[in-house]
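Chemist: Here you go, data.pdb (PDB, C-alpha atoms):
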ATOM      1  CA  MET A   1       0.000   0.000   0.000
ATOM      2  CA  ALA A   2       1.330   3.418  -0.895
ATOM      3  CA  SER A   3       2.070   5.714   2.015
ATOM      4  CA  GLN A   4       1.614   9.085   0.320
ATOM      5  CA  LEU A   5      -1.518  11.122   0.906
ATOM      6  CA  ALA A   6      -1.638  12.666  -2.554
ATOM      7  CA  PRO A   7      -4.640  11.544  -4.623
ATOM      8  CA  ARG A   8      -4.027   8.997  -7.346
ATOM      9  CA  ALA A   9      -6.587   9.315 -10.117
ATOM     10  CA  LEU A  10      -7.372   6.284 -12.219
ATOM     11  CA  PRO A  11      -5.908   6.503 -15.743
ATOM     12  CA  ALA A  12      -8.344   8.291 -18.006
ATOM     13  CA  ALA A  13      -9.118   6.830 -21.404
ATOM     14  CA  PRO A  14      -9.315   9.240 -24.359
ATOM     15  CA  ALA A  15     -13.086   8.710 -24.455
ATOM     16  CA  ALA A  16     -13.345   9.756 -20.809
ATOM     17  CA  VAL A  17     -11.324  12.912 -21.412
ATOM     18  CA  GLN A  18     -13.507  13.834 -24.365
ATOM     19  CA  ARG A  19     -16.665  13.169 -22.353
ATOM     20  CA  LEU A  20     -15.509  15.410 -19.506
ATOM     21  CA  GLN A  21     -14.535  18.173 -21.915
ATOM     22  CA  GLU A  22     -18.072  18.078 -23.248
ATOM     23  CA  LEU A  23     -19.522  18.398 -19.746
ATOM     24  CA  LEU A  24     -17.226  20.885 -18.018
ATOM     25  CA  PRO A  25     -18.174  24.003 -20.030
ATOM     26  CA  GLY A  26     -21.858  23.268 -19.431
ATOM     27  CA  ARG A  27     -21.984  24.060 -15.686
ATOM     28  CA  ARG A  28     -24.641  26.631 -14.895
ATOM     29  CA  PRO A  29     -26.641  27.674 -11.798
ATOM     30  CA  MET A  30     -28.891  24.865 -10.630
ATOM     31  CA  GLN A  31     -32.573  25.505 -10.026
ATOM     32  CA  LYS A  32     -33.222  24.291  -6.474
ATOM     33  CA  ALA A  33     -35.878  21.676  -5.795
ATOM     34  CA  ALA A  34     -38.990  23.173  -4.234
ATOM     35  CA  ARG A  35     -39.870  20.081  -2.183
ATOM     36  CA  ALA A  36     -38.196  17.346  -0.203
ATOM     37  CA  GLU A  37     -36.813  14.739  -2.584
ATOM     38  CA  TRP A  38     -33.723  12.622  -3.207
ATOM     39  CA  SER A  39     -32.306  14.324  -6.283
ATOM     40  CA  TYR A  40     -29.278  16.272  -7.400
ATOM     41  CA  ALA A  41     -31.294  19.507  -7.508
ATOM     42  CA  ALA A  42     -32.409  18.999  -3.890
ATOM     43  CA  CYS A  43     -28.812  18.408  -2.757
ATOM     44  CA  ALA A  44     -27.181  21.269  -4.702
ATOM     45  CA  GLY A  45     -25.460  23.781  -2.439
ATOM     46  CA  ARG A  46     -25.502  21.415   0.537
ATOM     47  CA  LEU A  47     -23.345  19.090   2.619
ATOM     48  CA  VAL A  48     -25.137  15.726   2.656
ATOM     49  CA  GLU A  49     -24.492  12.588   4.695
ATOM     50  CA  VAL A  50     -25.768   9.106   3.831
ATOM     51  CA  SER A  51     -25.161   6.608   6.627
ATOM     52  CA  GLY A  52     -25.233   2.852   6.417
ATOM     53  CA  SER A  53     -23.055  -0.232   6.406
ATOM     54  CA  ALA A  54     -21.398  -1.655   3.326
ATOM     55  CA  ARG A  55     -24.237  -4.215   3.212
ATOM     56  CA  SER A  56     -26.925  -1.530   3.217
ATOM     57  CA  ALA A  57     -28.278   0.355   0.205
ATOM     58  CA  VAL A  58     -25.901   3.277   0.680
ATOM     59  CA  LEU A  59     -24.056   2.772  -2.620
ATOM     60  CA  SER A  60     -27.252   2.211  -4.601
ATOM     61  CA  LEU A  61     -28.782   5.412  -3.241
ATOM     62  CA  ALA A  62     -25.567   7.357  -3.794
ATOM     63  CA  PHE A  63     -25.476   6.289  -7.422
ATOM     64  CA  ALA A  64     -29.063   7.444  -7.834
ATOM     65  CA  LEU A  65     -27.652  10.945  -7.196
ATOM     66  CA  VAL A  66     -24.724  10.341  -9.541
ATOM     67  CA  ARG A  67     -27.094   9.253 -12.297
ATOM     68  CA  ASP A  68     -29.329  12.289 -11.714
ATOM     69  CA  ALA A  69     -26.377  14.692 -11.731
ATOM     70  CA  GLN A  70     -25.112  13.249 -14.993
ATOM     71  CA  ALA A  71     -28.593  13.629 -16.478
ATOM     72  CA  CYS A  72     -28.236  17.336 -15.609
ATOM     73  CA  ARG A  73     -24.893  17.365 -17.485
ATOM     74  CA  GLU A  74     -22.939  17.789 -14.255
ATOM     75  CA  PRO A  75     -19.476  16.198 -13.919
ATOM     76  CA  VAL A  76     -19.149  13.961 -10.865
ATOM     77  CA  ALA A  77     -16.111  13.039  -8.752
ATOM     78  CA  TRP A  78     -15.950   9.990  -6.454
ATOM     79  CA  ILE A  79     -13.267   9.964  -3.740
ATOM     80  CA  ALA A  80     -12.517   6.548  -2.242
ATOM     81  CA  GLY A  81     -10.034   4.923   0.112
ATOM     82  CA  PRO A  82      -7.647   2.004  -0.389
ATOM     83  CA  GLU A  83      -9.979  -0.797   0.699
ATOM     84  CA  GLY A  84     -12.030  -0.910  -2.471
ATOM     85  CA  THR A  85     -15.090   0.955  -3.610
ATOM     86  CA  PHE A  86     -18.084   0.387  -5.862
ATOM     87  CA  PHE A  87     -18.261  -2.376  -8.477
ATOM     88  CA  PRO A  88     -18.069  -0.543 -11.860
ATOM     89  CA  PRO A  89     -20.216  -3.027 -13.850
ATOM     90  CA  ASP A  90     -23.018  -2.556 -11.300
ATOM     91  CA  ALA A  91     -22.834   1.226 -11.653
ATOM     92  CA  ALA A  92     -22.872   1.002 -15.436
ATOM     93  CA  ALA A  93     -25.829  -1.390 -15.370
ATOM     94  CA  GLY A  94     -27.651   1.160 -13.216
ATOM     95  CA  GLY A  95     -27.295   3.866 -15.843
ATOM     96  CA  VAL A  96     -24.107   5.625 -14.663
ATOM     97  CA  ASP A  97     -21.828   6.996 -17.399
ATOM     98  CA  LEU A  98     -18.471   5.663 -16.195
ATOM     99  CA  ALA A  99     -16.633   7.624 -18.895
ATOM    100  CA  ALA A 100     -17.846  10.848 -17.246
ATOM    101  CA  LEU A 101     -17.120   9.775 -13.659
ATOM    102  CA  VAL A 102     -13.794  10.830 -12.134
ATOM    103  CA  VAL A 103     -12.612   8.366  -9.465
ATOM    104  CA  VAL A 104      -9.833   9.379  -7.061
ATOM    105  CA  ARG A 105      -8.255   6.661  -4.915
ATOM    106  CA  LEU A 106      -6.446   7.734  -1.747
ATOM    107  CA  ALA A 107      -3.933   5.899   0.381
ATOM    108  CA  GLU A 108      -5.715   7.300   3.452
ATOM    109  CA  MET A 109      -9.160   8.855   3.653
ATOM    110  CA  ARG A 110      -7.968  11.552   6.043
ATOM    111  CA  ALA A 111      -6.910  13.409   2.897
ATOM    112  CA  ALA A 112     -10.428  13.213   1.413
ATOM    113  CA  ALA A 113     -11.589  16.642   2.611
ATOM    114  CA  ARG A 114      -8.492  18.341   1.215
ATOM    115  CA  VAL A 115      -8.955  16.632  -2.142
ATOM    116  CA  ALA A 116     -12.671  17.489  -2.205
ATOM    117  CA  GLU A 117     -11.851  21.138  -1.560
ATOM    118  CA  ARG A 118      -9.451  21.197  -4.508
ATOM    119  CA  LEU A 119     -12.042  19.641  -6.788
ATOM    120  CA  LEU A 120     -14.712  22.126  -5.718
ATOM    121  CA  ARG A 121     -12.378  25.086  -6.147
ATOM    122  CA  SER A 122     -11.786  24.003  -9.736
ATOM    123  CA  GLY A 123     -15.418  24.856 -10.435
ATOM    124  CA  GLY A 124     -15.730  21.827 -12.663
ATOM    125  CA  PHE A 125     -17.749  19.399 -10.525
ATOM    126  CA  GLY A 126     -21.403  19.572  -9.624
ATOM    127  CA  LEU A 127     -21.298  16.535  -7.334
ATOM    128  CA  THR A 128     -18.432  15.252  -5.208
ATOM    129  CA  VAL A 129     -18.864  12.009  -3.257
ATOM    130  CA  LEU A 130     -16.597  11.128  -0.315
ATOM    131  CA  ASP A 131     -16.813   7.359   0.185
ATOM    132  CA  PHE A 132     -15.754   6.882   3.811
ATOM    133  CA  ILE A 133     -17.166   3.359   3.737
ATOM    134  CA  SER A 134     -14.126   2.402   1.649
ATOM    135  CA  ALA A 135     -11.729   3.676   4.332
ATOM    136  CA  SER A 136      -9.174   1.390   5.952
ATOM    137  CA  PRO A 137     -10.254  -0.470   9.111
ATOM    138  CA  GLY A 138      -9.758   1.827  12.084
ATOM    139  CA  GLU A 139     -10.099   5.035  10.076
ATOM    140  CA  LYS A 140     -13.017   7.165  11.196
ATOM    141  CA  SER A 141     -15.408   9.161   9.042
ATOM    142  CA  PHE A 142     -14.030  12.539   9.984
ATOM    143  CA  ILE A 143     -13.695  15.946   8.348
ATOM    144  CA  PRO A 144     -11.869  18.654  10.329
ATOM    145  CA  ALA A 145     -14.075  21.640  11.162
ATOM    146  CA  PRO A 146     -12.121  24.146   9.014
ATOM    147  CA  TYR A 147     -12.587  21.903   5.965
ATOM    148  CA  GLN A 148     -16.272  21.455   6.738
ATOM    149  CA  GLY A 149     -16.824  25.209   6.637
ATOM    150  CA  ARG A 150     -14.918  25.645   3.400
ATOM    151  CA  LEU A 151     -16.708  22.740   1.717
ATOM    152  CA  VAL A 152     -20.101  24.169   2.671
ATOM    153  CA  GLN A 153     -19.139  27.635   1.424
ATOM    154  CA  LEU A 154     -17.838  26.273  -1.871
ATOM    155  CA  ALA A 155     -20.917  24.093  -2.364
ATOM    156  CA  GLN A 156     -23.216  27.062  -1.805
ATOM    157  CA  ARG A 157     -21.172  29.382  -3.995
ATOM    158  CA  GLN A 158     -21.061  26.966  -6.924
ATOM    159  CA  ASP A 159     -24.438  25.204  -6.577
ATOM    160  CA  ALA A 160     -22.518  21.977  -6.050
ATOM    161  CA  SER A 161     -23.229  19.092  -3.724
ATOM    162  CA  VAL A 162     -20.845  17.324  -1.345
ATOM    163  CA  VAL A 163     -22.110  13.892  -0.315
ATOM    164  CA  CYS A 164     -20.380  11.886   2.421
ATOM    165  CA  LEU A 165     -21.019   8.150   2.743
ATOM    166  CA  THR A 166     -20.439   7.070   6.334
ATOM    167  CA  ALA A 167     -20.675   3.792   8.254
ATOM    168  CA  ARG A 168     -22.626   5.280  11.139
ATOM    169  CA  ARG A 169     -25.762   4.052  12.866
ATOM    170  CA  GLU A 170     -28.780   6.300  13.196
ATOM    171  CA  GLU A 171     -28.257   6.761  16.945
ATOM    172  CA  TRP A 172     -24.651   7.842  16.430
ATOM    173  CA  VAL A 173     -23.821  11.516  16.126
ATOM    174  CA  SER A 174     -23.810  12.926  12.613
ATOM    175  CA  LEU A 175     -20.607  13.634  10.722
ATOM    176  CA  SER A 176     -21.010  17.339  11.449
ATOM    177  CA  SER A 177     -23.507  19.942  12.621
ATOM    178  CA  MET A 178     -22.944  21.565   9.233
ATOM    179  CA  VAL A 179     -24.593  18.625   7.485
ATOM    180  CA  SER A 180     -27.734  19.996   5.859
ATOM    181  CA  LEU A 181     -29.312  16.663   4.928
ATOM    182  CA  ARG A 182     -28.739  13.266   6.552
ATOM    183  CA  GLY A 183     -30.347   9.994   5.591
ATOM    184  CA  ILE A 184     -30.076   6.390   6.783
ATOM    185  CA  ALA A 185     -29.765   3.880   3.943
ATOM    186  CA  GLU A 186     -31.559   0.571   4.423
ATOM    187  CA  ARG A 187     -32.581  -2.457   2.433
ATOM    188  CA  GLU A 188     -36.260  -3.159   2.852
ATOM    189  CA  SER A 189     -37.123  -6.554   4.316
ATOM    190  CA  PRO A 190     -39.244  -8.942   2.230
ATOM    191  CA  ALA A 191     -42.082  -8.628   4.771
ATOM    192  CA  SER A 192     -42.294  -4.831   4.562
ATOM    193  CA  ALA A 193     -41.756  -4.829   0.803
ATOM    194  CA  GLY A 194     -45.285  -6.150   0.383
ATOM    195  CA  ASN A 195     -46.767  -3.574   2.744
ATOM    196  CA  PRO A 196     -47.276  -0.211   1.005
ATOM    197  CA  ALA A 197     -47.898   1.569   4.302
ATOM    198  CA  SER A 198     -44.509   0.572   5.676
ATOM    199  CA  ALA A 199     -42.684   1.855   2.629
ATOM    200  CA  GLY A 200     -44.576   5.112   2.337
ATOM    201  CA  GLN A 201     -45.200   4.579  -1.385
ATOM    202  CA  PRO A 202     -47.441   2.241  -3.406
ATOM    203  CA  VAL A 203     -45.952  -1.139  -4.255
ATOM    204  CA  ALA A 204     -46.886  -2.945  -7.465
ATOM    205  CA  THR A 205     -49.026  -6.014  -6.934
ATOM    206  CA  GLY A 206     -48.384  -9.421  -8.464
ATOM    207  CA  ASN A 207     -45.669 -11.999  -8.015
ATOM    208  CA  PRO A 208     -42.615 -10.366  -6.419
ATOM    209  CA  ASP A 209     -39.369 -10.664  -8.328
ATOM    210  CA  ARG A 210     -36.806 -12.070  -5.913
ATOM    211  CA  SER A 211     -34.065 -10.286  -7.846
ATOM    212  CA  GLU A 212     -35.575  -6.908  -6.960
ATOM    213  CA  VAL A 213     -34.158  -5.189  -3.879
ATOM    214  CA  PRO A 214     -36.159  -2.304  -2.375
ATOM    215  CA  ALA A 215     -33.920   0.427  -0.951
ATOM    216  CA  ILE A 216     -35.035   3.162   1.424
ATOM    217  CA  LEU A 217     -33.402   6.411   2.485
ATOM    218  CA  ARG A 218     -34.906   7.514   5.808
ATOM    219  CA  VAL A 219     -34.173  11.200   6.232
ATOM    220  CA  VAL A 220     -33.474  12.077   9.866
ATOM    221  CA  LYS A 221     -32.196  15.597   9.277
ATOM    222  CA  ASP A 222     -33.196  18.163   6.653
ATOM    223  CA  LYS A 223     -32.540  21.820   7.385
ATOM    224  CA  LEU A 224     -34.573  22.994   4.382
ATOM    225  CA  HIS A 225     -37.713  20.867   4.398
ATOM    226  CA  GLY A 226     -37.787  19.175   7.791
ATOM    227  CA  ALA A 227     -36.915  15.579   8.585
ATOM    228  CA  ASN A 228     -39.018  12.412   8.797
ATOM    229  CA  TRP A 229     -39.542  11.831   5.092
ATOM    230  CA  GLN A 230     -38.163   8.991   3.035
ATOM    231  CA  HIS A 231     -37.236   8.018  -0.479
ATOM    232  CA  ARG A 232     -37.790   4.527  -1.870
ATOM    233  CA  GLU A 233     -36.421   2.899  -5.009
ATOM    234  CA  VAL A 234     -36.449  -0.683  -6.241
ATOM    235  CA  TYR A 235     -33.229  -2.018  -7.733
ATOM    236  CA  ARG A 236     -32.568  -5.234  -9.574
ATOM    237  CA  ALA A 237     -29.912  -7.129  -7.654
ATOM    238  CA  PRO A 238     -26.670  -6.924  -9.695
ATOM    239  CA  ASP A 239     -23.997  -9.563 -10.062
ATOM    240  CA  GLY A 240     -21.709  -7.704  -7.652
ATOM    241  CA  MET A 241     -24.522  -6.821  -5.219
ATOM    242  CA  CYS A 242     -22.982  -3.479  -4.193
TER     243      CYS A 242
END
As structure tokens, what does this structure read like?
Modeler:
Amino acid sequence: MASQLAPRALPAAPAAVQRLQELLPGRRPMQKAARAEWSYAACAGRLVEVSGSARSAVLSLAFALVRDAQACREPVAWIAGPEGTFFPPDAAAGGVDLAALVVVRLAEMRAAARVAERLLRSGGFGLTVLDFISASPGEKSFIPAPYQGRLVQLAQRQDASVVCLTARREEWVSLSSMVSLRGIAERESPASAGNPASAGQPVATGNPDRSEVPAILRVVKDKLHGANWQHREVYRAPDGMC
């Protein structure tokens, strides 16, 4: 394992470079979402935290934002640690444009906030994801207070979103008091999947497809719209089951 803290970006193919060049000039002010929802527009200008274990739906829900940001022609950066990150074929199968996704792998996630600040200052990224779930064992999901303030200011100034994926339980303290939106990622149990009231949204009737995995984001903190709302999506279980 390398000992340096400097980010090591994955080699970019010519197609990826061309794709990013097409996207970068297109950044423009984002029209904010008028209601509570799990979308790129609703997260623009905010520090967001999605908590859950590696076995939860945290990656699936994070890539829902990535997919939405790319649909808005916004370049996306994903910062990950040395212990592995998402399974690229799963992301591609879910509609993510991998050629337009910049992935930065770090030797230690304690450098993640510094790298995120540099990316935001470039003005070229609408969404930056800090994947603390991929951190080395023993590393904590932590962003020093000075970096938190600068990340929030940069996100607000540039209508960008900073999303932190953390392995924290609901009862644990949030990553920061500066977090504007926090949600708990969960996989819905088979029993509740057939109960529309438990999910908060209608569920299609008929024979359930065992390959479908309902995912829920329970929002426990939302400074703009108030907490206690949730977002539900149904994913087809991929080969890698991220």
Chemist: Using the chain letters and numbering of this document, enumerate as a ChimeraX atom specification the residues selected by the PyMOL selection byres ((chain A and resi 125) around 7).
Modeler: /A:74-77,119-120,123-124,126-128
Chemist: Which protein, DNA or RNA residues are at most 12 Å from (-30.3, 21.3, 1.5) in the file's coordinates when you count only C-alpha atoms, listed as number ranges by chain?
Modeler: A: 32-49, 152, 155-156, 159-163, 178-182, 219, 221-227
Chemist: If the PyMOL selection byres ((chain A and resi 234) around 6) were run on this exact file, what residues would it hold? Put them as an MDAnalysis selection string.
Modeler: chainID A and resid 213:215 233 235
Chemist: Quick check, in Å to one decimal: how far apart do CA of Ala185 (chain A) and CA of Val50 (chain A) lie?
Modeler: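 Interatomic distance here is 6.6 Å.
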Chemist: Looking at only C-alpha atoms, which of A:Thr166, A:Arg236, A:Gln153, A:Leu175 is the one that sits closest to Asp90 (chain A)?
Modeler: A:Arg236
Chemist: Work out how far CA of Gln230 (chain A) is from CA of Arg218 (chain A), in Å to one decimal.
Modeler: 4.5 Å
Chemist: One decimal, Å: what's the distance from CA of Met109 (chain A) over to CA of Ala135 (chain A), could you say?
Modeler: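 It comes out at 5.8 Å.
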